[in-house]
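Colleague: My structure is below; once you've seen it, I'll send some questions.
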Amino acid sequence: MFSYMTPRKKTEYLPKLIEIQDGFTCYLCKKPLHGNDWIYEHLDGDKQHNDIGNIRLAHQSCNIAKLNSPEFQIIARNELEKESEKCLKGRKKEDNEGLEHYSSEIEINIKCRNYTKKFITERVVTDGSILYSDALWGIVNDLNEKYNHGSEQAVRRYLNALCSITGKFMITKNAEGKKIIVKRIGN
Ligand SMILES: [Zn+2]
């Protein structure tokens with residue numbers, strides 16, 4: 001649908017544009033605007049592109065003069081570039097916030113993994129083995145108390161990694177057929 005700027009949008013934009021342009025002035029010749037000799041110009045020439053970043057106030061005469069004025073065309077292009085930089089900065093800020101959240105997630109995962117390793121190492125060194133279910137629920141409980149973190153699935157993942165072929169421990173079964181964690185033979 002082809003949509004020109006609505007009168008409502010114009011009213012909404014006017015005070016914002018006056019602020020952006022440091023007064024009720026023409027962005028091209030920088031002189032004050034007055035009477036009816038001014039317009040809402042679309043910087044990129046696309047009359048359906050009505051983001052405020054694409055709109056500037058200009059004399060009607062300057063807007064027409066721009067067609068044949070390289071100087072005015074450069075001013076218009078600079079305004080557009082300033083706006084796209086503003087957008088990029090805004091986006092970068094959002095990215096950084098996402099990254100901070102992401103790195104604290106990683107940090108907590110490392111802490112939980114390290115705690116799991118410490119827990120298993122201590123028990124297995126002193127007792128020779130630990131029941132898998134005791135280890136699982138003991139660690140889940142400790143992690144939730146310490147870090148407010150640690151689901152059953154996450155702890156199962158940590159334990160499986162510790163007991164993988166390259167880990168220091170392994171899962172086997174005791175005489176009663178229950179899963180236990182012991183030191184991996186050969187390590
Ligand atoms: Zn002007």
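Going through the structure tokens in order, the chains are called A, B, and so on, while each chain numbers its residues from 1 and the ligands are numbered from 1 in the order shown.
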Check which residues fall inside 10 Å of ligand 1 when counting only C-alpha atoms and all ligand atoms, and print them as a PyMOL selection string.

Modeller: chain A and resi 25-33+37-38+57-66+72

Colleague: Write the residues you've just listed into a file as a PDB file, in the first residue's frame, and include C-alpha atoms for each of them.

Modeller:
ATOM      1  CA  THR A  25      15.244  25.935  10.412  1.00  0.00           C
ATOM      2  CA  CYS A  26      15.884  24.582   6.941  1.00  0.00           C
ATOM      3  CA  TYR A  27      18.389  21.719   7.139  1.00  0.00           C
ATOM      4  CA  LEU A  28      19.764  22.710   3.728  1.00  0.00           C
ATOM      5  CA  CYS A  29      20.411  26.476   3.933  1.00  0.00           C
ATOM      6  CA  LYS A  30      20.242  26.615   7.782  1.00  0.00           C
ATOM      7  CA  LYS A  31      18.031  29.737   7.656  1.00  0.00           C
ATOM      8  CA  PRO A  32      14.812  29.985   9.694  1.00  0.00           C
ATOM      9  CA  LEU A  33      11.562  28.639   8.295  1.00  0.00           C
ATOM     10  CA  ASP A  37       7.275  27.974   2.527  1.00  0.00           C
ATOM     11  CA  TRP A  38       8.524  24.753   4.072  1.00  0.00           C
ATOM     12  CA  LEU A  57      12.361  20.231   7.497  1.00  0.00           C
ATOM     13  CA  ALA A  58      13.369  22.345   4.494  1.00  0.00           C
ATOM     14  CA  HIS A  59      12.288  25.388   2.532  1.00  0.00           C
ATOM     15  CA  GLN A  60      10.161  24.377  -0.419  1.00  0.00           C
ATOM     16  CA  SER A  61      12.538  26.436  -2.562  1.00  0.00           C
ATOM     17  CA  CYS A  62      15.638  24.711  -1.143  1.00  0.00           C
ATOM     18  CA  ASN A  63      14.052  21.308  -1.699  1.00  0.00           C
ATOM     19  CA  ILE A  64      13.568  22.181  -5.364  1.00  0.00           C
ATOM     20  CA  ALA A  65      17.019  23.768  -5.618  1.00  0.00           C
ATOM     21  CA  LYS A  66      18.529  20.534  -4.295  1.00  0.00           C
ATOM     22  CA  PHE A  72      22.595  20.470  -1.044  1.00  0.00           C
TER      23      PHE A  72
END

Colleague: Tell me which protein, DNA and RNA residues are within 12 Å of A:Ile185, counting only C-alpha atoms, leaving out same-chain ones fewer than 3 positions away, and put them as a compact mmCIF listing (two decimals) with N, CA and C atoms, in the first residue's frame.

Modeller:
# COMPACT_ATOMS: atom_id res chain seq x y z
N CYS A 163 32.53 -38.67 33.26
CA CYS A 163 32.64 -40.12 33.18
C CYS A 163 32.79 -40.59 31.74
N ILE A 165 34.81 -41.30 28.14
CA ILE A 165 36.01 -42.11 27.91
C ILE A 165 37.29 -41.32 28.21
N THR A 166 37.23 -39.98 28.03
CA THR A 166 38.42 -39.17 28.27
C THR A 166 38.42 -38.58 29.69
N GLY A 167 37.35 -38.82 30.46
CA GLY A 167 37.27 -38.27 31.82
C GLY A 167 38.03 -39.11 32.83
N LYS A 168 38.11 -38.60 34.05
CA LYS A 168 38.87 -39.30 35.10
C LYS A 168 38.04 -40.38 35.80
N PHE A 169 36.74 -40.39 35.53
CA PHE A 169 35.85 -41.31 36.23
C PHE A 169 35.05 -42.14 35.24
N MET A 170 34.40 -43.18 35.76
CA MET A 170 33.53 -43.97 34.89
C MET A 170 32.31 -44.46 35.68
N ILE A 171 31.27 -44.77 34.92
CA ILE A 171 30.04 -45.27 35.55
C ILE A 171 30.03 -46.79 35.39
N THR A 172 29.76 -47.45 36.51
CA THR A 172 29.66 -48.92 36.44
C THR A 172 28.51 -49.32 37.37
N ILE A 181 29.68 -44.34 40.48
CA ILE A 181 30.79 -43.65 39.81
C ILE A 181 32.07 -44.06 40.52
N VAL A 182 33.04 -44.51 39.77
CA VAL A 182 34.35 -44.91 40.32
C VAL A 182 35.45 -44.23 39.49

Colleague: Identify which of the residues A:Ser104, A:Gly23, A:Pro70, A:Tyr40 lies closest to A:Pro7, counting only C-alpha atoms when measuring atom-to-atom distances.

Modeller: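 Among the listed residues, A:Tyr40 lies closest to A:Pro7.
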
Colleague: Which value, in Å to one decimal, gives the distance between atom CA of A:Gln73 and atom CA of A:Asp46?

Modeller: 14.7 Å

Colleague: DSSP on the backbone, strand (DSSP E or B) only: what residues of stretch 44-87 of chain A does that give? Format it as a PyMOL selection string.

Modeller: chain A and resi 55-59

Colleague: Restricting the calculation to only C-alpha atoms: of A:Ile106, A:Ile180, A:Cys87, A:Leu159, which residue gets closest to A:Leu131?

Modeller: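 When distances to A:Leu131 are compared using only C-alpha atoms, the smallest one comes from A:Ile180.
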
Colleague: Rank A:Ala76, A:Ile108, A:Ala154, A:Val125 by their smallest atom-to-atom distance to A:Val140, using only C-alpha atoms, and report the top residue only.

Modeller: A:Ala154

Colleague: Could you state the separation of atom CA of A:Gly150 and atom CA of A:Tyr115 in Å, given to one decimal place?

Modeller: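 Between atom CA of A:Gly150 and atom CA of A:Tyr115 the gap is 10.8 Å.
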
Colleague: Env of A:Lys117: 10 Å cut, atoms = only C-alpha atoms, seq-sep filter 3 positions within chain, self excluded. Answer as a list in words.

Modeller: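 Result of the neighbour search: Lys111, Cys112, Arg113, Asn114, Ile120, Thr121, Glu122, Ile139, Tyr158, Leu159, Ala161, Leu162, Lys168 and Phe169 of chain A.
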
Colleague: Let's have the selection written as a compact mmCIF listing (two decimals), in the first residue's frame, with C-alpha atoms.

Modeller:
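Resulting contents of result.txt:
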# COMPACT_ATOMS: atom_id res chain seq x y z
CA LYS A 111 31.36 -22.92 38.02
CA CYS A 112 28.76 -25.69 38.11
CA ARG A 113 30.95 -28.03 36.09
CA ASN A 114 33.93 -27.36 38.35
CA ILE A 120 32.93 -36.38 42.66
CA THR A 121 36.69 -36.27 43.17
CA GLU A 122 36.35 -35.81 46.94
CA ILE A 139 25.12 -31.83 43.35
CA TYR A 158 28.33 -32.61 33.72
CA LEU A 159 28.49 -36.12 35.20
CA ALA A 161 31.27 -35.58 30.65
CA LEU A 162 33.30 -36.42 33.76
CA LYS A 168 38.87 -39.30 35.10
CA PHE A 169 35.85 -41.31 36.23

Colleague: Just want the 9 Å neighbourhood of A:Ser133, counted on only C-alpha atoms, with same-chain residues fewer than 2 positions away dropped. Output as a short mmCIF file (atom, residue, chain, number, x, y, z; two decimals) with C-alpha atoms, in the first residue's frame.

Modeller:
data_model
loop_
_atom_site.label_atom_id
_atom_site.label_comp_id
_atom_site.auth_asym_id
_atom_site.auth_seq_id
_atom_site.Cartn_x
_atom_site.Cartn_y
_atom_site.Cartn_z
CA ILE A 130 29.55 -42.97 45.01
CA LEU A 131 26.06 -43.94 43.93
CA ALA A 135 25.92 -37.74 43.34
CA LEU A 136 23.25 -36.37 41.01
CA TRP A 137 20.85 -35.14 43.67
CA GLY A 138 23.60 -34.01 46.06
CA LYS A 178 22.92 -49.81 41.05
CA LYS A 179 24.84 -47.26 38.99
CA ILE A 180 27.98 -46.03 40.73
#

Colleague: Give the alpha helix (DSSP H) residues of stretch 9-183 of chain A, as DSSP finds them on the backbone, and put them as number ranges by chain.

Modeller: A: 9-20, 60-66, 70-127, 132-147, 152-162

Colleague: List the neighbours of A:Leu80 out to 9 Å using only C-alpha atoms; skip same-chain residues closer than 6 positions along the sequence, and give me the result as a ChimeraX atom specification.

Modeller: /A:43-44,53-54

Colleague: Just the number, please: distance in Å from atom CA of A:Glu19 to atom CA of A:Ser69, one decimal.

Modeller: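 Calculated distance between atom CA of A:Glu19 and atom CA of A:Ser69 is 25.7 Å.
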